[in-house]
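Novice: Below is the structure I would like to discuss, written out as structure tokens.
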Amino acid sequence: MIEKTHFISEDNGYKKYNHFEISKELESILAEDYYLYDSDKFSKQELIEELYKKNFINKYDKETQKEVFDLYIDNNEFKKKAQFVYSLIDYDKYSNFVLENPELENPGDLTIKYSILDSEGVKVQIYHISIIDISFVF
């Protein structure tokens, strides 16, 4: 298990940190700067918007596939989760991972947990995703 904590922000002495717990098997698909997610140094907003458009908005027709829009594309919580995945995962590395691993045993065990940790030691889990979630958004 890989654990990484990275400073996000400070407001009047109250500090917030990203905290990641990632299955070792998923290390090969992580973007080099994944830990910068939601920090002031995060610079992938255009990329994640582009991937979301490519994999969802431009891929489906709103008139004929209304259910897809209702369940996913127009669902803000789903959009945030998909964009979180796009922020962490390198598309080319993920593509290679898929080619090298045509079958996975126990895919639910390959996970990424993302939490916010504060200066008081309080940790709130925001996302718990698996390789299944990752494959769905790509």
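Naming works like this for the structure tokens: A, B, ... for the chains as they're shown, residue 1 at the start of each chain, ligands 1 onward in shown order.
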Find the spatial neighbours of region 118-126 of chain A, counting only C-alpha atoms, within a cut-off of 8 Å - ignore same-chain residues fewer than 5 positions away - and output them as a list of chain:residue names.

Specialist: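 Counting only C-alpha atoms, the residues come to A:Tyr14, A:Lys15, A:Lys16, A:Tyr17, A:Lys113.
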
Novice: Extract, using only C-alpha atoms, all DNA, RNA and protein residues at most 9 Å from Lys44 (chain A), discarding same-chain residues fewer than 3 positions from it, and format them as a list of chain:residue names.

Specialist: A:Tyr37, A:Leu47, A:Ile48, A:Glu49, A:Tyr86, A:Ser87

Novice: Can you work out which one of A:Ala82, A:Asn96, A:Tyr127, A:Phe7 has the shortest atom-to-atom distance to Ser115 (chain A), counting only C-alpha atoms?

Specialist: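 The answer is A:Tyr127, which sits nearest to Ser115 (chain A).
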
Novice: Write out as a CSV table (one decimal) with N, CA, C and O atoms, in the first residue's frame which residues come within 9 Å of Asn18 (chain A) when counting only C-alpha atoms, dropping same-chain ones fewer than 3 positions away.

Specialist:
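Output file result_22.csv is given in full below:
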chain,number,residue,atom,x,y,z
A,4,LYS,N,0.5,8.6,0.7
A,4,LYS,CA,1.1,9.9,0.4
A,4,LYS,C,0.2,11.0,1.0
A,4,LYS,O,-1.0,11.0,0.8
A,5,THR,N,0.8,11.9,1.7
A,5,THR,CA,0.1,13.1,2.2
A,5,THR,C,0.8,14.3,1.7
A,5,THR,O,2.0,14.4,1.6
A,6,HIS,N,-0.1,15.2,1.2
A,6,HIS,CA,0.5,16.5,0.6
A,6,HIS,C,-0.3,17.7,1.1
A,6,HIS,O,-1.6,17.6,1.1
A,7,PHE,N,0.4,18.7,1.4
A,7,PHE,CA,-0.3,20.0,1.9
A,7,PHE,C,-1.2,20.6,0.8
A,7,PHE,O,-0.7,20.6,-0.4
A,8,ILE,N,-2.4,21.0,1.1
A,8,ILE,CA,-3.3,21.6,0.2
A,8,ILE,C,-3.4,23.1,0.5
A,8,ILE,O,-3.1,23.9,-0.4
A,35,TYR,N,-0.6,13.7,-6.5
A,35,TYR,CA,-0.8,14.1,-5.1
A,35,TYR,C,-1.1,15.6,-5.1
A,35,TYR,O,-1.4,16.2,-4.0
A,36,LEU,N,-0.9,16.4,-6.2
A,36,LEU,CA,-1.2,17.8,-6.2
A,36,LEU,C,-2.7,18.1,-6.3
A,36,LEU,O,-3.2,19.2,-6.3
A,37,TYR,N,-3.5,17.0,-6.5
A,37,TYR,CA,-5.0,17.2,-6.6
A,37,TYR,C,-5.5,18.2,-5.6
A,37,TYR,O,-5.2,18.1,-4.4
A,38,ASP,N,-6.3,19.1,-6.1
A,38,ASP,CA,-7.0,20.1,-5.2
A,38,ASP,C,-6.1,21.0,-4.5
A,38,ASP,O,-6.6,21.7,-3.6
A,39,SER,N,-4.9,21.1,-4.9
A,39,SER,CA,-4.0,22.1,-4.2
A,39,SER,C,-3.8,23.3,-5.2
A,39,SER,O,-4.3,23.2,-6.3
A,114,TYR,N,-9.0,8.3,-1.1
A,114,TYR,CA,-8.6,9.7,-1.0
A,114,TYR,C,-9.3,10.3,0.2
A,114,TYR,O,-10.6,10.2,0.3
A,115,SER,N,-8.6,10.9,1.1
A,115,SER,CA,-9.1,11.6,2.2
A,115,SER,C,-8.5,13.0,2.4
A,115,SER,O,-7.5,13.3,1.8
A,116,ILE,N,-9.2,13.8,3.1
A,116,ILE,CA,-8.7,15.1,3.5
A,116,ILE,C,-8.3,15.0,5.0
A,116,ILE,O,-9.1,14.4,5.8
A,117,LEU,N,-7.1,15.4,5.3
A,117,LEU,CA,-6.5,15.3,6.6
A,117,LEU,C,-6.3,16.7,7.1
A,117,LEU,O,-5.8,17.6,6.3
A,118,ASP,N,-6.7,17.1,8.3
A,118,ASP,CA,-6.4,18.4,8.8
A,118,ASP,C,-5.3,18.5,9.8
A,118,ASP,O,-4.8,17.5,10.3

Novice: From a DSSP calculation on the backbone, collect every residue of region 6-113 of chain A in helix (DSSP H, G or I) and output the set as a ChimeraX atom specification.

Specialist: /A:24-29,34-36,45-57,66-73,76-88,91-100,107-109

Novice: Would you mind listing, for every residue of region 1-65 of chain A within 12 Å of region 103-109 of chain A, the two atoms forming the shortest contact and the distance between them in Å to one decimal, using only C-alpha atoms, sorted by chain and ascending residue number, as a tab-separated table?

Specialist:
residue	atom	partner	partner_atom	distance
A:Met1	CA	A:Asp109	CA	11.1
A:Ile22	CA	A:Asp109	CA	10.3
A:Ser23	CA	A:Asp109	CA	7.8
A:Lys24	CA	A:Asp109	CA	10.6
A:Glu25	CA	A:Asp109	CA	9.6
A:Leu26	CA	A:Asp109	CA	10.4

Novice: Could you go through chain A and tell me which residues DSSP, when run on the backbone, assigns to strand (DSSP E or B), listing them as a PyMOL selection string?

Specialist: chain A and resi 2-11+14-22+30+89+111-118+123-130

Novice: The selected residues should be written to file as an mmCIF file, in the first residue's frame (atoms: N, CA and C atoms).

Specialist:
data_model
loop_
_atom_site.group_PDB
_atom_site.id
_atom_site.type_symbol
_atom_site.label_atom_id
_atom_site.label_comp_id
_atom_site.auth_asym_id
_atom_site.auth_seq_id
_atom_site.Cartn_x
_atom_site.Cartn_y
_atom_site.Cartn_z
ATOM 1 N N ILE A 2 0.601 2.167 -0.899
ATOM 2 C CA ILE A 2 1.314 3.430 -0.971
ATOM 3 C C ILE A 2 0.499 4.462 -0.190
ATOM 4 N N GLU A 3 1.134 5.189 0.690
ATOM 5 C CA GLU A 3 0.464 6.292 1.397
ATOM 6 C C GLU A 3 1.218 7.568 1.089
ATOM 7 N N LYS A 4 0.460 8.591 0.730
ATOM 8 C CA LYS A 4 1.071 9.887 0.399
ATOM 9 C C LYS A 4 0.188 10.983 0.973
ATOM 10 N N THR A 5 0.801 11.894 1.702
ATOM 11 C CA THR A 5 0.111 13.056 2.248
ATOM 12 C C THR A 5 0.777 14.295 1.673
ATOM 13 N N HIS A 6 -0.050 15.242 1.229
ATOM 14 C CA HIS A 6 0.486 16.450 0.622
ATOM 15 C C HIS A 6 -0.327 17.662 1.076
ATOM 16 N N PHE A 7 0.361 18.719 1.424
ATOM 17 C CA PHE A 7 -0.269 19.961 1.880
ATOM 18 C C PHE A 7 -1.151 20.558 0.771
ATOM 19 N N ILE A 8 -2.366 20.971 1.150
ATOM 20 C CA ILE A 8 -3.276 21.633 0.206
ATOM 21 C C ILE A 8 -3.356 23.127 0.486
ATOM 22 N N SER A 9 -3.719 23.469 1.734
ATOM 23 C CA SER A 9 -3.928 24.888 2.031
ATOM 24 C C SER A 9 -3.868 25.144 3.534
ATOM 25 N N GLU A 10 -3.798 26.450 3.844
ATOM 26 C CA GLU A 10 -3.834 26.872 5.237
ATOM 27 C C GLU A 10 -4.707 28.108 5.335
ATOM 28 N N ASP A 11 -5.563 28.124 6.357
ATOM 29 C CA ASP A 11 -6.436 29.268 6.594
ATOM 30 C C ASP A 11 -6.443 29.541 8.097
ATOM 31 N N TYR A 14 -5.230 26.739 10.268
ATOM 32 C CA TYR A 14 -5.891 25.464 10.020
ATOM 33 C C TYR A 14 -5.375 24.919 8.695
ATOM 34 N N LYS A 15 -4.679 23.808 8.740
ATOM 35 C CA LYS A 15 -4.066 23.238 7.544
ATOM 36 C C LYS A 15 -4.871 22.054 7.033
ATOM 37 N N LYS A 16 -4.903 21.924 5.702
ATOM 38 C CA LYS A 16 -5.558 20.782 5.055
ATOM 39 C C LYS A 16 -4.536 20.064 4.187
ATOM 40 N N TYR A 17 -4.649 18.744 4.175
ATOM 41 C CA TYR A 17 -3.738 17.905 3.406
ATOM 42 C C TYR A 17 -4.534 16.890 2.592
ATOM 43 N N ASN A 18 -4.014 16.558 1.410
ATOM 44 C CA ASN A 18 -4.490 15.389 0.672
ATOM 45 C C ASN A 18 -3.872 14.178 1.338
ATOM 46 N N HIS A 19 -4.625 13.112 1.433
ATOM 47 C CA HIS A 19 -4.075 11.858 1.957
ATOM 48 C C HIS A 19 -4.552 10.726 1.046
ATOM 49 N N PHE A 20 -3.596 10.047 0.433
ATOM 50 C CA PHE A 20 -3.895 8.961 -0.497
ATOM 51 C C PHE A 20 -3.419 7.638 0.087
ATOM 52 N N GLU A 21 -4.230 6.600 -0.103
ATOM 53 C CA GLU A 21 -3.854 5.227 0.196
ATOM 54 C C GLU A 21 -4.138 4.445 -1.082
ATOM 55 N N ILE A 22 -3.073 3.961 -1.708
ATOM 56 C CA ILE A 22 -3.181 3.390 -3.049
ATOM 57 C C ILE A 22 -2.574 1.994 -3.079
ATOM 58 N N LEU A 30 -0.429 5.787 -12.064
ATOM 59 C CA LEU A 30 -0.570 7.118 -11.482
ATOM 60 C C LEU A 30 0.180 8.167 -12.292
ATOM 61 N N ILE A 89 -4.943 9.575 -12.697
ATOM 62 C CA ILE A 89 -4.492 8.497 -13.575
ATOM 63 C C ILE A 89 -3.934 9.055 -14.877
ATOM 64 N N THR A 111 -7.380 -0.567 -5.206
ATOM 65 C CA THR A 111 -8.140 0.624 -4.810
ATOM 66 C C THR A 111 -7.275 1.861 -4.589
ATOM 67 N N ILE A 112 -7.963 2.981 -4.642
ATOM 68 C CA ILE A 112 -7.403 4.273 -4.262
ATOM 69 C C ILE A 112 -8.380 4.884 -3.268
ATOM 70 N N LYS A 113 -7.867 5.207 -2.088
ATOM 71 C CA LYS A 113 -8.660 5.923 -1.095
ATOM 72 C C LYS A 113 -8.098 7.337 -1.001
ATOM 73 N N TYR A 114 -9.002 8.287 -1.078
ATOM 74 C CA TYR A 114 -8.604 9.686 -0.972
ATOM 75 C C TYR A 114 -9.333 10.318 0.189
ATOM 76 N N SER A 115 -8.565 10.940 1.068
ATOM 77 C CA SER A 115 -9.130 11.607 2.235
ATOM 78 C C SER A 115 -8.526 12.998 2.367
ATOM 79 N N ILE A 116 -9.240 13.828 3.112
ATOM 80 C CA ILE A 116 -8.710 15.124 3.523
ATOM 81 C C ILE A 116 -8.298 14.953 4.980
ATOM 82 N N LEU A 117 -7.087 15.380 5.267
ATOM 83 C CA LEU A 117 -6.531 15.307 6.604
ATOM 84 C C LEU A 117 -6.291 16.739 7.060
ATOM 85 N N ASP A 118 -6.652 17.061 8.307
ATOM 86 C CA ASP A 118 -6.419 18.433 8.755
ATOM 87 C C ASP A 118 -5.341 18.491 9.824
ATOM 88 N N LYS A 123 -9.366 12.935 9.787
ATOM 89 C CA LYS A 123 -9.304 12.445 8.407
ATOM 90 C C LYS A 123 -10.715 12.109 7.955
ATOM 91 N N VAL A 124 -11.109 12.701 6.807
ATOM 92 C CA VAL A 124 -12.426 12.458 6.238
ATOM 93 C C VAL A 124 -12.227 11.831 4.860
ATOM 94 N N GLN A 125 -12.725 10.610 4.694
ATOM 95 C CA GLN A 125 -12.595 9.939 3.398
ATOM 96 C C GLN A 125 -13.565 10.557 2.400
ATOM 97 N N ILE A 126 -13.033 10.935 1.244
ATOM 98 C CA ILE A 126 -13.832 11.555 0.193
ATOM 99 C C ILE A 126 -14.175 10.536 -0.891
ATOM 100 N N TYR A 127 -13.177 9.784 -1.364
ATOM 101 C CA TYR A 127 -13.392 8.778 -2.404
ATOM 102 C C TYR A 127 -12.736 7.465 -2.028
ATOM 103 N N HIS A 128 -13.372 6.397 -2.426
ATOM 104 C CA HIS A 128 -12.813 5.042 -2.348
ATOM 105 C C HIS A 128 -13.167 4.409 -3.692
ATOM 106 N N ILE A 129 -12.203 4.401 -4.587
ATOM 107 C CA ILE A 129 -12.456 3.897 -5.941
ATOM 108 C C ILE A 129 -11.602 2.665 -6.204
ATOM 109 N N SER A 130 -12.055 1.862 -7.133
ATOM 110 C CA SER A 130 -11.302 0.666 -7.512
ATOM 111 C C SER A 130 -10.953 0.753 -8.999
#

Novice: Using only C-alpha atoms, pick whichever of A:Tyr52, A:Glu32, A:Phe84, A:Thr64 has the shortest atom-to-atom distance to Phe138 (chain A).

Specialist: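 Ranked by minimum distance to Phe138 (chain A), first place goes to A:Tyr52.
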
Novice: Counting only C-alpha atoms, what is within 10 Å of Ser135 (chain A), bar same-chain residues fewer than 6 positions away, as an MDAnalysis selection string?

Specialist: chainID A and resid 85 94:95 98

Novice: Include all heavy atoms and write out the residues we just selected as a JSON list (two decimals), in the first residue's frame.

Specialist:
[["chain", "number", "residue", "atom", "x", "y", "z"],
["A", 85, "VAL", "N", -10.71, 10.92, -10.94],
["A", 85, "VAL", "CA", -9.96, 9.83, -11.57],
["A", 85, "VAL", "C", -9.04, 10.38, -12.65],
["A", 85, "VAL", "O", -7.86, 10.02, -12.71],
["A", 85, "VAL", "CB", -10.92, 8.76, -12.15],
["A", 85, "VAL", "CG1", -10.17, 7.75, -13.00],
["A", 85, "VAL", "CG2", -11.67, 8.06, -11.03],
["A", 94, "TYR", "N", -2.34, 4.07, -18.08],
["A", 94, "TYR", "CA", -3.52, 3.23, -17.90],
["A", 94, "TYR", "C", -3.72, 2.33, -19.11],
["A", 94, "TYR", "O", -4.00, 1.14, -18.97],
["A", 94, "TYR", "CB", -4.77, 4.08, -17.63],
["A", 94, "TYR", "CG", -6.02, 3.26, -17.60],
["A", 94, "TYR", "CD1", -6.31, 2.44, -16.51],
["A", 94, "TYR", "CD2", -6.90, 3.26, -18.67],
["A", 94, "TYR", "CE1", -7.45, 1.65, -16.49],
["A", 94, "TYR", "CE2", -8.05, 2.49, -18.65],
["A", 94, "TYR", "CZ", -8.31, 1.68, -17.57],
["A", 94, "TYR", "OH", -9.44, 0.89, -17.56],
["A", 95, "SER", "N", -3.56, 2.88, -20.31],
["A", 95, "SER", "CA", -3.72, 2.10, -21.54],
["A", 95, "SER", "C", -2.74, 0.93, -21.56],
["A", 95, "SER", "O", -3.11, -0.19, -21.93],
["A", 95, "SER", "CB", -3.51, 2.98, -22.77],
["A", 95, "SER", "OG", -4.48, 3.99, -22.82],
["A", 98, "VAL", "N", -3.83, -1.81, -19.11],
["A", 98, "VAL", "CA", -4.92, -2.63, -19.65],
["A", 98, "VAL", "C", -4.37, -3.68, -20.62],
["A", 98, "VAL", "O", -4.77, -4.85, -20.57],
["A", 98, "VAL", "CB", -5.98, -1.74, -20.34],
["A", 98, "VAL", "CG1", -6.99, -2.58, -21.10],
["A", 98, "VAL", "CG2", -6.68, -0.87, -19.31]]
